[in-house]
Amino acid sequence: MNYHNGKWKNGQTGHNGMHLADEIGEQHVATSIETPLRDDAFELSDEDKIDRIAGHFEEIMQLIGLDLDDDSLQGTPRRVAKMYVQEIFSGLNPVHKPEPTLFENKFNYRSMVVEKEILVQSFCEHHFLPIYGRAHVAYISSGKVIGLSKLNRIVAYYAKRPQVQERLTMQIANELKQVLETEDVAVYLEAKHMCVQARGIEHQDSSTVTFEYGGRFLNENTKQEFLQAIR
């Protein structure tokens with residue numbers, strides 16, 4: 001089954017005759033915990049990607065009727081291309097993945113470590129509109145502790161790609177489990193979606209909450225301790 005030009009080639013539809021791809025997008029559904037990347041995603045250099053994206057974005061601007069001879073708009077295609085590759089979608093490239101800094105837990109700290117109010121700035125993969133909010137993460141040491149800034153960097157790395165909030169939550173949790181060598185991890189994420197606020201139903205006040213608990217955080221007492229800490 002292949003998708004091309006807004007349609008499934010075999011004509012597969014979902015509810016009410018809507019094309020399945022459109023239905024997935026409208027319902028903000030993820031299809032995999034892994035970000036869907038092509039095998040040749042990194043064959044082009046960043047500069048080549050910027051050049052080609054700029055050309056395509058220039059065509060988009062022309063198609064919607066903008067005059068690119070205007071001084072204010074002339075540099076926009078390249079500015080957008082650089083922003084895509086070097087900034088807001090830089091988390092697609094594994095070369096930007098943060099290296100963990102781990103230390104021995106020599107002082108035998110046995111309670112949870114909580115990092116609150118981590119800024120989340122991402123983009124919805126269905127409409128390429130911003131997702132913004134806060135993440136709260138926690139872990140219980142299995143013998144190692146991590147530099148606190150690395151918790152923020154892990155969140156930022158996975159946020160800087162087209163995302164679905166549920167996937168983003170799971171990717172952060174899985175990375176923390178792997179890096180810290182423990183299942184005792186909690187991630188709580190609350191965010192607003194511009195694809196809900198600025199289009200479609202246009203509800204500005206609604207937000208989305210997702211969370212993932214592992215190991216000892218599945219215990220109700222430990223979970224409530226974490227939730228109390230972030231409140």
# chains A, B, ... in the order shown; residues from 1 in each chain; ligands from 1
call {"tool": "residues_around", "arguments": {"residues": "region 203-208 of chain A", "least_positions_apart": "4", "cutoff": "8 Å", "atoms": "only C-alpha atoms", "output": "ChimeraX atom specification"}}
result
/A:190-193,196-198
call {"tool": "write_last_selection", "arguments": {"atoms": "C-alpha atoms", "output": "mmCIF file, in the first residue's frame"}}
result
data_model
loop_
_atom_site.group_PDB
_atom_site.id
_atom_site.type_symbol
_atom_site.label_atom_id
_atom_site.label_comp_id
_atom_site.auth_asym_id
_atom_site.auth_seq_id
_atom_site.Cartn_x
_atom_site.Cartn_y
_atom_site.Cartn_z
ATOM 1 C CA GLU A 190 1.508 18.865 28.688
ATOM 2 C CA ALA A 191 1.379 20.818 25.456
ATOM 3 C CA LYS A 192 -0.780 22.975 23.215
ATOM 4 C CA HIS A 193 -1.115 22.208 19.527
ATOM 5 C CA VAL A 196 -5.993 22.484 17.202
ATOM 6 C CA GLN A 197 -5.796 26.186 18.057
ATOM 7 C CA ALA A 198 -5.321 27.802 14.645
#
call {"tool": "select_by_dssp", "arguments": {"residues": "region 5-189 of chain A", "states": "strand (DSSP E)", "output": "ChimeraX atom specification"}}
result
/A:7-8,102-104,112-124,130-140,144-146,162-163,185-189
call {"tool": "residues_around", "arguments": {"residues": "region 118-130 of chain A", "least_positions_apart": "4", "cutoff": "8 Å", "atoms": "only C-alpha atoms", "output": "mmCIF file with N, CA and C atoms, in the first residue's frame"}}
result
data_model
loop_
_atom_site.group_PDB
_atom_site.id
_atom_site.type_symbol
_atom_site.label_atom_id
_atom_site.label_comp_id
_atom_site.auth_asym_id
_atom_site.auth_seq_id
_atom_site.Cartn_x
_atom_site.Cartn_y
_atom_site.Cartn_z
ATOM 1 N N GLY A 25 -4.265 11.916 10.117
ATOM 2 C CA GLY A 25 -3.819 13.275 10.372
ATOM 3 C C GLY A 25 -4.829 14.081 11.169
ATOM 4 N N GLU A 26 -6.110 13.962 10.820
ATOM 5 C CA GLU A 26 -7.135 14.725 11.525
ATOM 6 C C GLU A 26 -7.291 14.266 12.967
ATOM 7 N N HIS A 28 -4.803 13.029 14.711
ATOM 8 C CA HIS A 28 -3.499 13.196 15.359
ATOM 9 C C HIS A 28 -2.969 11.858 15.893
ATOM 10 N N ILE A 88 14.678 23.778 13.846
ATOM 11 C CA ILE A 88 13.484 23.116 14.391
ATOM 12 C C ILE A 88 13.385 21.633 14.064
ATOM 13 N N ARG A 134 5.388 21.987 28.265
ATOM 14 C CA ARG A 134 6.394 21.671 29.271
ATOM 15 C C ARG A 134 6.438 20.167 29.511
ATOM 16 N N ALA A 135 7.634 19.679 29.765
ATOM 17 C CA ALA A 135 7.828 18.282 30.146
ATOM 18 C C ALA A 135 8.383 18.219 31.555
ATOM 19 N N HIS A 136 7.998 17.193 32.289
ATOM 20 C CA HIS A 136 8.544 16.908 33.610
ATOM 21 C C HIS A 136 9.049 15.464 33.567
ATOM 22 N N ASN A 152 17.291 17.898 30.002
ATOM 23 C CA ASN A 152 16.699 18.909 29.129
ATOM 24 C C ASN A 152 17.090 18.684 27.673
ATOM 25 N N VAL A 155 15.122 15.852 26.003
ATOM 26 C CA VAL A 155 13.780 16.312 25.635
ATOM 27 C C VAL A 155 13.842 17.163 24.369
ATOM 28 N N ALA A 156 14.784 18.102 24.332
ATOM 29 C CA ALA A 156 14.888 19.005 23.181
ATOM 30 C C ALA A 156 15.238 18.248 21.906
ATOM 31 N N ALA A 159 12.199 16.523 20.596
ATOM 32 C CA ALA A 159 11.178 17.499 20.222
ATOM 33 C C ALA A 159 11.498 18.159 18.887
ATOM 34 N N LYS A 160 12.788 18.253 18.538
ATOM 35 C CA LYS A 160 13.170 18.967 17.324
ATOM 36 C C LYS A 160 13.068 18.067 16.095
ATOM 37 N N ARG A 161 11.839 17.658 15.836
ATOM 38 C CA ARG A 161 11.506 16.861 14.669
ATOM 39 C C ARG A 161 9.979 16.899 14.521
ATOM 40 N N PRO A 162 9.446 16.622 13.355
ATOM 41 C CA PRO A 162 7.992 16.505 13.253
ATOM 42 C C PRO A 162 7.523 15.391 14.186
ATOM 43 N N GLN A 163 6.510 15.690 15.011
ATOM 44 C CA GLN A 163 6.175 14.769 16.086
ATOM 45 C C GLN A 163 4.676 14.568 16.252
ATOM 46 N N VAL A 164 4.363 13.518 16.984
ATOM 47 C CA VAL A 164 3.069 13.289 17.615
ATOM 48 C C VAL A 164 3.365 13.215 19.110
ATOM 49 N N ALA A 191 1.050 19.928 26.561
ATOM 50 C CA ALA A 191 1.379 20.818 25.456
ATOM 51 C C ALA A 191 0.121 21.298 24.739
ATOM 52 N N HIS A 193 -1.352 22.527 20.930
ATOM 53 C CA HIS A 193 -1.115 22.208 19.527
ATOM 54 C C HIS A 193 -1.749 23.280 18.647
ATOM 55 N N MET A 194 -0.930 23.943 17.853
ATOM 56 C CA MET A 194 -1.463 24.972 16.968
ATOM 57 C C MET A 194 -2.388 24.393 15.903
ATOM 58 N N CYS A 195 -2.250 23.099 15.601
ATOM 59 C CA CYS A 195 -3.162 22.495 14.633
ATOM 60 C C CYS A 195 -4.565 22.350 15.220
#
call {"tool": "closest_residue", "arguments": {"among": "A:Val80, A:Leu92, A:Ala173, A:Ile201", "to": "His56 (chain A)", "atoms": "only C-alpha atoms"}}
result
A:Val80
call {"tool": "select_by_dssp", "arguments": {"residues": "region 17-200 of chain A", "states": "alpha helix (DSSP H)", "output": "VMD selection string"}}
result
chain A and resid 20 to 26 46 to 63 76 to 82 148 to 159 165 to 180 194 to 197
call {"tool": "closest_residue", "arguments": {"among": "A:Phe217, A:Phe107, A:Tyr188, A:Phe89", "to": "Gly133 (chain A)", "atoms": "only C-alpha atoms"}}
result
A:Tyr188
call {"tool": "closest_residue", "arguments": {"among": "A:Glu220, A:Glu181, A:Glu99, A:Glu104", "to": "Tyr157 (chain A)", "atoms": "only C-alpha atoms"}}
result
A:Glu99
call {"tool": "residues_around", "arguments": {"residues": "Asn105 (chain A)", "least_positions_apart": "2", "cutoff": "10 Å", "atoms": "only C-alpha atoms", "output": "number ranges by chain"}}
result
A: 102-103, 107-110, 141-146
call {"tool": "write_last_selection", "arguments": {"atoms": "N, CA and C atoms", "output": "PDB file, in the first residue's frame"}}
result
ATOM      1  N   LEU A 102      27.305  10.611  32.734  1.00  0.00           N
ATOM      2  CA  LEU A 102      26.874   9.841  33.896  1.00  0.00           C
ATOM      3  C   LEU A 102      27.951   9.856  34.974  1.00  0.00           C
ATOM      4  N   PHE A 103      27.486   9.834  36.220  1.00  0.00           N
ATOM      5  CA  PHE A 103      28.388   9.829  37.367  1.00  0.00           C
ATOM      6  C   PHE A 103      27.955   8.733  38.332  1.00  0.00           C
ATOM      7  N   PHE A 107      27.012   9.019  46.722  1.00  0.00           N
ATOM      8  CA  PHE A 107      26.363   9.435  47.967  1.00  0.00           C
ATOM      9  C   PHE A 107      25.101   8.613  48.244  1.00  0.00           C
ATOM     10  N   ASN A 108      24.851   7.598  47.394  1.00  0.00           N
ATOM     11  CA  ASN A 108      23.755   6.652  47.608  1.00  0.00           C
ATOM     12  C   ASN A 108      22.401   7.330  47.756  1.00  0.00           C
ATOM     13  N   TYR A 109      22.160   8.312  46.902  1.00  0.00           N
ATOM     14  CA  TYR A 109      20.853   8.956  46.881  1.00  0.00           C
ATOM     15  C   TYR A 109      19.833   7.963  46.335  1.00  0.00           C
ATOM     16  N   ARG A 110      18.781   7.674  47.094  1.00  0.00           N
ATOM     17  CA  ARG A 110      17.879   6.580  46.744  1.00  0.00           C
ATOM     18  C   ARG A 110      16.488   7.035  46.311  1.00  0.00           C
ATOM     19  N   SER A 141      17.798   6.344  40.631  1.00  0.00           N
ATOM     20  CA  SER A 141      19.114   5.868  40.233  1.00  0.00           C
ATOM     21  C   SER A 141      19.264   4.366  40.434  1.00  0.00           C
ATOM     22  N   SER A 142      19.898   3.735  39.457  1.00  0.00           N
ATOM     23  CA  SER A 142      20.272   2.324  39.573  1.00  0.00           C
ATOM     24  C   SER A 142      21.770   2.195  39.870  1.00  0.00           C
ATOM     25  N   GLY A 143      22.367   3.291  40.300  1.00  0.00           N
ATOM     26  CA  GLY A 143      23.802   3.316  40.571  1.00  0.00           C
ATOM     27  C   GLY A 143      24.510   4.428  39.839  1.00  0.00           C
ATOM     28  N   LYS A 144      23.795   5.059  38.886  1.00  0.00           N
ATOM     29  CA  LYS A 144      24.343   6.168  38.123  1.00  0.00           C
ATOM     30  C   LYS A 144      23.411   7.368  38.246  1.00  0.00           C
ATOM     31  N   VAL A 145      23.996   8.560  38.163  1.00  0.00           N
ATOM     32  CA  VAL A 145      23.206   9.786  38.047  1.00  0.00           C
ATOM     33  C   VAL A 145      23.674  10.525  36.800  1.00  0.00           C
ATOM     34  N   ILE A 146      22.784  11.351  36.248  1.00  0.00           N
ATOM     35  CA  ILE A 146      23.073  12.038  34.994  1.00  0.00           C
ATOM     36  C   ILE A 146      23.165  13.531  35.244  1.00  0.00           C
TER      37      ILE A 146
END
call {"tool": "atom_distance", "arguments": {"atom1": "CA of Glu166 (chain A)", "atom2": "CA of Asp184 (chain A)"}}
result
19.0 Å
